[in-house]
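Undergrad: Below you'll find the structure I mean.
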Amino acid sequence: MADFIFSLNATLPIFLIMVLGWFLMRIGLFNKEFNKVADKYVFKVALPVLLFKDIATADIRSDFNLTFVLFCMITTTIMFLAIWGLSYIFIKDKTQVGAFAQASARGSAAVLGIAFINNIYGNSGMAPLMIVSAVPLYNILSVIILTFSADMGKGVNKGENIKKACLNVIKNPIIIGIFLGLPFSIFGISIPQIPLKAVTSIAQTATPIALLVVGAGFEGAKAIKKIKLTAIATFIKLVLLPLIFFPFAIAFGFRGSELVAILIMLGSPTTVTCYIMAKNMGNDEVLSSSIVVMATLLSSVTLTGWIFVLKVMGLI
């Protein structure tokens with residue numbers, strides 16, 4: 001019961017903020033122009049600053065484990081590319097491929113990871129190392145997938161797509177924020193108190209504004225038409241990925257906070273960043289927001305279920 005209450009505390013407030021955004025849009029307090037400006041602010045300022053802060057202030061040197069880092073990096077790459085490939089084969093409307101693939105693979109590692117492990121173990125454990133290993137790849141692979149998917153049907157050749165994808169990776173504000181934070185984390189550089197407080201204040205605006213924007217942009221009638229893809233993506237994100245990769249993690253000898261960090265990497269709800277990036281990169285934001293909402297709503301049950309299974313097996 002304690003695990004279920006914790007999962008509710010972690011996920012239900014996120015869902016309620018999205019509901020608030022939807023309500024404020026319906027009563028006219030928010031409008032499309034506000035959503036457009038807020039989208040850009042979150043994408044270009046708040047999320048990059050949040051990820052910069054999370055990575056720059058993470059102490060990865062004390063818990064560095066090369067096997068764990070390589071597992072997180074290889075697993076992230078495999079799940080993104082496999083879902084992208086299968087999506088391209090099975091989804092008829094190719095304009096939905098990018099949004100579906102990104103939302104099926106990309107979880108709230110940076111938002112939920114440290115909080116979840118802190119609650120269980122009293123410290124951040126392996127979460128910072130998982131974030132440094134997986135989150136940069138989340139963003140690089142998402143940019144590549146969304147770039148190729150946005151250009152489907154426009155007659156753009158492969159060479160131009162590859163060039164555009166590389167440029168989008170280099171110019172993506174979120175990726176810039178991540179790589180600016182890496183030297184601070186790797187070399188143990190401390191950020192002075194005054195700029196750190198300013199950075200923290202900006203970072204704290206990212207999640208609530210992004211959640212309000214997702215809720216405000218949620219279009220129920222359109223989302224219902226995409227309920228099949230939404231349900232499939234949610235199942236992949238919350239159930240199938242942990243089911244496939246946990247046996248490998250256990251075989252590699254990961255236990256305790258390592259396994260919980262891997263659970264967050266694989267089975268946390270689809271991150272709100274999916275909606276922000278899909279919309280800003282010309283992909284299907286309706287499908288993205290629908291998956292974010294459903295995955296967030298159901299994740300309290302699935303995360304609790306996975307924690308229960310791992311505890312029963314004596315792995316955490």
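Ordering of the structure tokens sets the chain letters (A, B, ...), residue numbers begin anew at 1 in every chain, and ligands are numbered from 1 in the order given.
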Hey, what's within 9 Å of Val49 of chain A if we count only C-alpha atoms and toss same-chain stuff fewer than 3 positions away? As a ChimeraX atom specification, please?
TA: /A:44-46,52-54,174,177-178,199-200,202-203,206
Undergrad: Can I get the selection written as a compact mmCIF listing (two decimals), in the first residue's frame, with all heavy atoms?
TA:
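Below is the file selection-v5.txt, written as the result:
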```txt
# COMPACT_ATOMS: atom_id res chain seq x y z
N LYS A 44 12.73 26.28 -25.55
CA LYS A 44 13.99 27.00 -25.78
C LYS A 44 14.69 27.48 -24.50
O LYS A 44 15.89 27.76 -24.52
CB LYS A 44 13.74 28.20 -26.70
CG LYS A 44 13.33 27.79 -28.11
CD LYS A 44 13.19 29.00 -29.02
CE LYS A 44 12.85 28.58 -30.45
NZ LYS A 44 12.75 29.73 -31.36
N VAL A 45 13.94 27.58 -23.40
CA VAL A 45 14.54 28.14 -22.18
C VAL A 45 14.41 27.17 -20.99
O VAL A 45 15.42 26.69 -20.46
CB VAL A 45 13.90 29.50 -21.81
CG1 VAL A 45 14.54 30.05 -20.53
CG2 VAL A 45 14.05 30.49 -22.95
N ALA A 46 13.19 26.89 -20.56
CA ALA A 46 12.98 26.22 -19.28
C ALA A 46 13.50 24.78 -19.26
O ALA A 46 14.21 24.39 -18.32
CB ALA A 46 11.49 26.24 -18.92
N PHE A 52 20.14 21.11 -17.78
CA PHE A 52 21.47 21.60 -17.43
C PHE A 52 21.68 21.47 -15.92
O PHE A 52 22.69 20.94 -15.46
CB PHE A 52 21.64 23.05 -17.87
CG PHE A 52 22.85 23.72 -17.25
CD1 PHE A 52 24.12 23.50 -17.76
CD2 PHE A 52 22.71 24.55 -16.14
CE1 PHE A 52 25.23 24.10 -17.17
CE2 PHE A 52 23.80 25.15 -15.55
CZ PHE A 52 25.07 24.92 -16.07
N LYS A 53 20.71 21.94 -15.15
CA LYS A 53 20.83 21.91 -13.68
C LYS A 53 20.87 20.48 -13.16
O LYS A 53 21.71 20.14 -12.31
CB LYS A 53 19.65 22.65 -13.05
CG LYS A 53 19.62 22.56 -11.53
CD LYS A 53 18.35 23.15 -10.96
CE LYS A 53 18.20 22.79 -9.49
NZ LYS A 53 17.91 21.34 -9.29
N ASP A 54 19.96 19.61 -13.66
CA ASP A 54 19.92 18.23 -13.18
C ASP A 54 21.26 17.53 -13.40
O ASP A 54 21.75 16.80 -12.53
CB ASP A 54 18.82 17.44 -13.91
CG ASP A 54 17.45 17.72 -13.33
OD1 ASP A 54 17.38 18.34 -12.25
OD2 ASP A 54 16.45 17.35 -13.96
N ILE A 174 17.53 21.73 -25.96
CA ILE A 174 17.56 20.76 -24.87
C ILE A 174 18.90 20.01 -24.87
O ILE A 174 19.51 19.79 -23.81
CB ILE A 174 16.37 19.78 -24.99
CG1 ILE A 174 15.05 20.54 -24.81
CG2 ILE A 174 16.48 18.66 -23.97
CD1 ILE A 174 13.81 19.72 -25.10
N GLY A 177 21.62 22.26 -23.57
CA GLY A 177 21.56 22.33 -22.11
C GLY A 177 22.21 21.12 -21.46
O GLY A 177 22.96 21.25 -20.47
N ILE A 178 21.94 19.94 -22.01
CA ILE A 178 22.52 18.70 -21.47
C ILE A 178 24.05 18.73 -21.56
O ILE A 178 24.75 18.46 -20.58
CB ILE A 178 21.96 17.47 -22.21
CG1 ILE A 178 20.49 17.26 -21.83
CG2 ILE A 178 22.79 16.22 -21.91
CD1 ILE A 178 19.78 16.25 -22.70
N VAL A 199 19.32 29.80 -11.80
CA VAL A 199 19.11 28.65 -12.68
C VAL A 199 18.01 27.75 -12.11
O VAL A 199 17.13 27.28 -12.85
CB VAL A 199 20.44 27.85 -12.84
CG1 VAL A 199 20.18 26.47 -13.43
CG2 VAL A 199 21.41 28.63 -13.71
N THR A 200 18.04 27.53 -10.80
CA THR A 200 17.02 26.68 -10.16
C THR A 200 15.63 27.28 -10.30
O THR A 200 14.65 26.56 -10.58
CB THR A 200 17.36 26.50 -8.66
OG1 THR A 200 18.65 25.90 -8.54
CG2 THR A 200 16.32 25.62 -7.98
N ILE A 202 14.50 29.22 -12.71
CA ILE A 202 14.05 29.03 -14.09
C ILE A 202 13.69 27.56 -14.32
O ILE A 202 12.65 27.25 -14.92
CB ILE A 202 15.14 29.48 -15.08
CG1 ILE A 202 15.40 30.98 -14.95
CG2 ILE A 202 14.73 29.15 -16.53
CD1 ILE A 202 16.62 31.47 -15.69
N ALA A 203 14.53 26.65 -13.82
CA ALA A 203 14.29 25.22 -14.01
C ALA A 203 12.96 24.79 -13.40
O ALA A 203 12.27 23.93 -13.95
CB ALA A 203 15.44 24.43 -13.39
N ALA A 206 9.82 24.83 -15.62
CA ALA A 206 9.71 23.97 -16.81
C ALA A 206 8.55 22.99 -16.71
O ALA A 206 7.68 22.95 -17.59
CB ALA A 206 11.03 23.22 -17.04
```
Undergrad: Select, from A:Leu238, A:Cys274, A:Leu182, A:Leu196, the residue with the minimum atom-to-atom distance to Ala295 of chain A, counting only C-alpha atoms.
TA: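 Looking at the shortest contact to Ala295 of chain A, the residue is A:Leu238.
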Undergrad: Please report the interatomic distance between atom CA of Met18 of chain A and atom CA of Ile176 of chain A in Å with one decimal.
TA: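 Here the two named atoms are 27.0 Å from each other.
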Undergrad: Need to verify the contact set: Leu20 of chain A, 12 Å, only C-alpha atoms, exclusion of same-chain residues closer than 6 positions in sequence. Can you return it as a PyMOL selection string?
TA: chain A and resi 13-14+26-27+29-30+208-218
Undergrad: Quick one: write out the picked residues with C-alpha atoms as a PDB file, in the first residue's frame?
TA:
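What follows is the written file out_35.pdb:
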```
ATOM      1  CA  PRO A  13      -0.290  15.759  -9.202  1.00  0.00           C
ATOM      2  CA  ILE A  14       1.239  15.704 -12.700  1.00  0.00           C
ATOM      3  CA  ARG A  26     -11.910  25.769 -21.924  1.00  0.00           C
ATOM      4  CA  ILE A  27     -12.935  28.761 -19.792  1.00  0.00           C
ATOM      5  CA  LEU A  29      -8.165  32.050 -19.412  1.00  0.00           C
ATOM      6  CA  PHE A  30      -5.620  30.432 -21.743  1.00  0.00           C
ATOM      7  CA  PRO A 208       4.421  23.033 -14.401  1.00  0.00           C
ATOM      8  CA  ILE A 209       4.266  25.238 -17.509  1.00  0.00           C
ATOM      9  CA  ALA A 210       4.886  22.268 -19.800  1.00  0.00           C
ATOM     10  CA  LEU A 211       2.122  20.281 -18.067  1.00  0.00           C
ATOM     11  CA  LEU A 212      -0.312  23.197 -18.305  1.00  0.00           C
ATOM     12  CA  VAL A 213       0.508  23.515 -22.021  1.00  0.00           C
ATOM     13  CA  VAL A 214      -0.094  19.795 -22.610  1.00  0.00           C
ATOM     14  CA  GLY A 215      -3.449  20.005 -20.850  1.00  0.00           C
ATOM     15  CA  ALA A 216      -4.440  23.206 -22.645  1.00  0.00           C
ATOM     16  CA  GLY A 217      -3.499  21.703 -26.001  1.00  0.00           C
ATOM     17  CA  PHE A 218      -5.293  18.405 -25.374  1.00  0.00           C
TER      18      PHE A 218
END
```
Undergrad: Which residue is closest to Asp59 of chain A? Choose from A:Ala127, A:Leu298, A:Met277, A:Ala221 and count only C-alpha atoms.
TA: A:Ala127
Undergrad: With only C-alpha atoms as the basis for distance, which of A:Ile55, A:Ala251, A:Ala231, A:Ala150 is at the shortest distance from Ser104 of chain A?
TA: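 Closest to Ser104 of chain A, using only C-alpha atoms: A:Ala231.
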Undergrad: Tell me, as a PyMOL selection string, which residues lie within 9 Å of segment 307-316 of chain A, counting only C-alpha atoms; anything in the same chain fewer than 2 positions away does not count.
TA: chain A and resi 3+250+254-260+263+302-305
Undergrad: What does the file look like for those residues with N, CA and C atoms, as a short mmCIF file (atom, residue, chain, number, x, y, z; two decimals), in the first residue's frame?
TA:
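Final output, saved to again-v6.cif:
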```cif
data_model
loop_
_atom_site.label_atom_id
_atom_site.label_comp_id
_atom_site.auth_asym_id
_atom_site.auth_seq_id
_atom_site.Cartn_x
_atom_site.Cartn_y
_atom_site.Cartn_z
N ASP A 3 3.77 1.67 -1.34
CA ASP A 3 4.30 1.90 -2.69
C ASP A 3 3.22 2.50 -3.59
N ILE A 250 18.78 -7.92 -14.79
CA ILE A 250 18.99 -8.86 -13.68
C ILE A 250 20.17 -9.77 -13.98
N PHE A 254 22.47 -6.26 -11.79
CA PHE A 254 22.01 -5.01 -11.20
C PHE A 254 20.96 -5.30 -10.13
N ARG A 255 21.09 -4.61 -9.00
CA ARG A 255 20.17 -4.79 -7.89
C ARG A 255 19.90 -3.44 -7.23
N GLY A 256 18.93 -3.40 -6.31
CA GLY A 256 18.68 -2.22 -5.51
C GLY A 256 18.40 -0.98 -6.33
N SER A 257 19.11 0.11 -5.98
CA SER A 257 18.84 1.39 -6.63
C SER A 257 19.19 1.36 -8.12
N GLU A 258 20.08 0.45 -8.51
CA GLU A 258 20.39 0.30 -9.94
C GLU A 258 19.15 -0.16 -10.70
N LEU A 259 18.45 -1.15 -10.15
CA LEU A 259 17.25 -1.66 -10.82
C LEU A 259 16.12 -0.64 -10.80
N VAL A 260 15.99 0.11 -9.72
CA VAL A 260 14.95 1.14 -9.66
C VAL A 260 15.25 2.24 -10.69
N LEU A 263 14.23 0.88 -13.89
CA LEU A 263 12.76 0.92 -13.97
C LEU A 263 12.28 2.30 -14.43
N THR A 302 1.11 0.84 -12.79
CA THR A 302 2.16 -0.01 -13.36
C THR A 302 3.48 0.12 -12.58
N LEU A 303 3.85 1.34 -12.19
CA LEU A 303 5.09 1.51 -11.42
C LEU A 303 5.00 0.78 -10.08
N THR A 304 3.83 0.87 -9.43
CA THR A 304 3.61 0.15 -8.18
C THR A 304 3.72 -1.35 -8.40
N GLY A 305 3.14 -1.82 -9.51
CA GLY A 305 3.21 -3.23 -9.84
C GLY A 305 4.64 -3.71 -10.04
#
```
Undergrad: From the set A:Arg61, A:Asn283, A:Trp306, A:Thr67, which residue has the shortest atom-to-atom contact distance to Leu243 of chain A, counting only C-alpha atoms?
TA: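 Among the listed residues, A:Trp306 lies closest to Leu243 of chain A.
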Undergrad: Here is a test: counting only C-alpha atoms, which residue of A:Val132, A:Ile74, A:Met281, A:Ile91 is nearest to Phe184 of chain A?
TA: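 For Phe184 of chain A, the nearest of the given residues is A:Val132.
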Undergrad: Taking the DSSP assignment computed from this structure's backbone, write out as a PyMOL selection string all residues of segment 5-119 of chain A that belong to helix (DSSP H, G or I).
TA: chain A and resi 5-26+32-56+66-90+94-105+109-119
Undergrad: Which polymer residues have any atom within 8 Å of an atom of Ile144 of chain A, counting only C-alpha atoms, with same-chain residues fewer than 3 positions away left out, as a ChimeraX atom specification?
TA: /A:140-141,147-148,165-166,168-169
Undergrad: For Ser288 of chain A, find every residue with an atom within 9 Å (counting only C-alpha atoms), except residues of its own chain fewer than 5 positions away, and show them as a PDB file with C-alpha atoms, in the first residue's frame.
TA:
```pdb
ATOM      1  CA  ALA A  99       5.266  11.125 -32.367  1.00  0.00           C
ATOM      2  CA  PHE A 100       4.389   7.473 -31.680  1.00  0.00           C
ATOM      3  CA  GLN A 102       9.226   9.056 -29.376  1.00  0.00           C
ATOM      4  CA  ALA A 103       6.346   8.793 -26.903  1.00  0.00           C
ATOM      5  CA  THR A 230      -2.371   5.910 -27.763  1.00  0.00           C
ATOM      6  CA  THR A 270       5.890   9.379 -21.226  1.00  0.00           C
ATOM      7  CA  VAL A 272       5.839  15.986 -21.264  1.00  0.00           C
ATOM      8  CA  CYS A 274       7.550  14.582 -26.061  1.00  0.00           C
ATOM      9  CA  TYR A 275       4.629  16.919 -26.655  1.00  0.00           C
ATOM     10  CA  ILE A 276       6.802  20.045 -26.593  1.00  0.00           C
ATOM     11  CA  ALA A 278       6.744  17.030 -31.363  1.00  0.00           C
ATOM     12  CA  LYS A 279       4.853  20.317 -31.663  1.00  0.00           C
ATOM     13  CA  ASN A 283       5.054  16.253 -35.739  1.00  0.00           C
ATOM     14  CA  VAL A 293      -2.063  11.949 -20.552  1.00  0.00           C
TER      15      VAL A 293
END
```
Undergrad: In Å, with one decimal, what is the gap from atom CA of Trp22 of chain A to atom CA of Thr273 of chain A?
TA: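 Distance reported for this atom pair: 17.3 Å.
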Undergrad: Measuring between only C-alpha atoms, which one of A:Phe90, A:Tyr138, A:Phe235, A:Trp84 shows the shortest distance to Ile175 of chain A?
TA: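 Looking only at the distances to Ile175 of chain A, the closest residue turns out to be A:Tyr138.
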Undergrad: Would you mind reading off the distance between atom CA of Leu86 of chain A and atom CA of Gly98 of chain A, one decimal, in Å?
TA: 11.5 Å
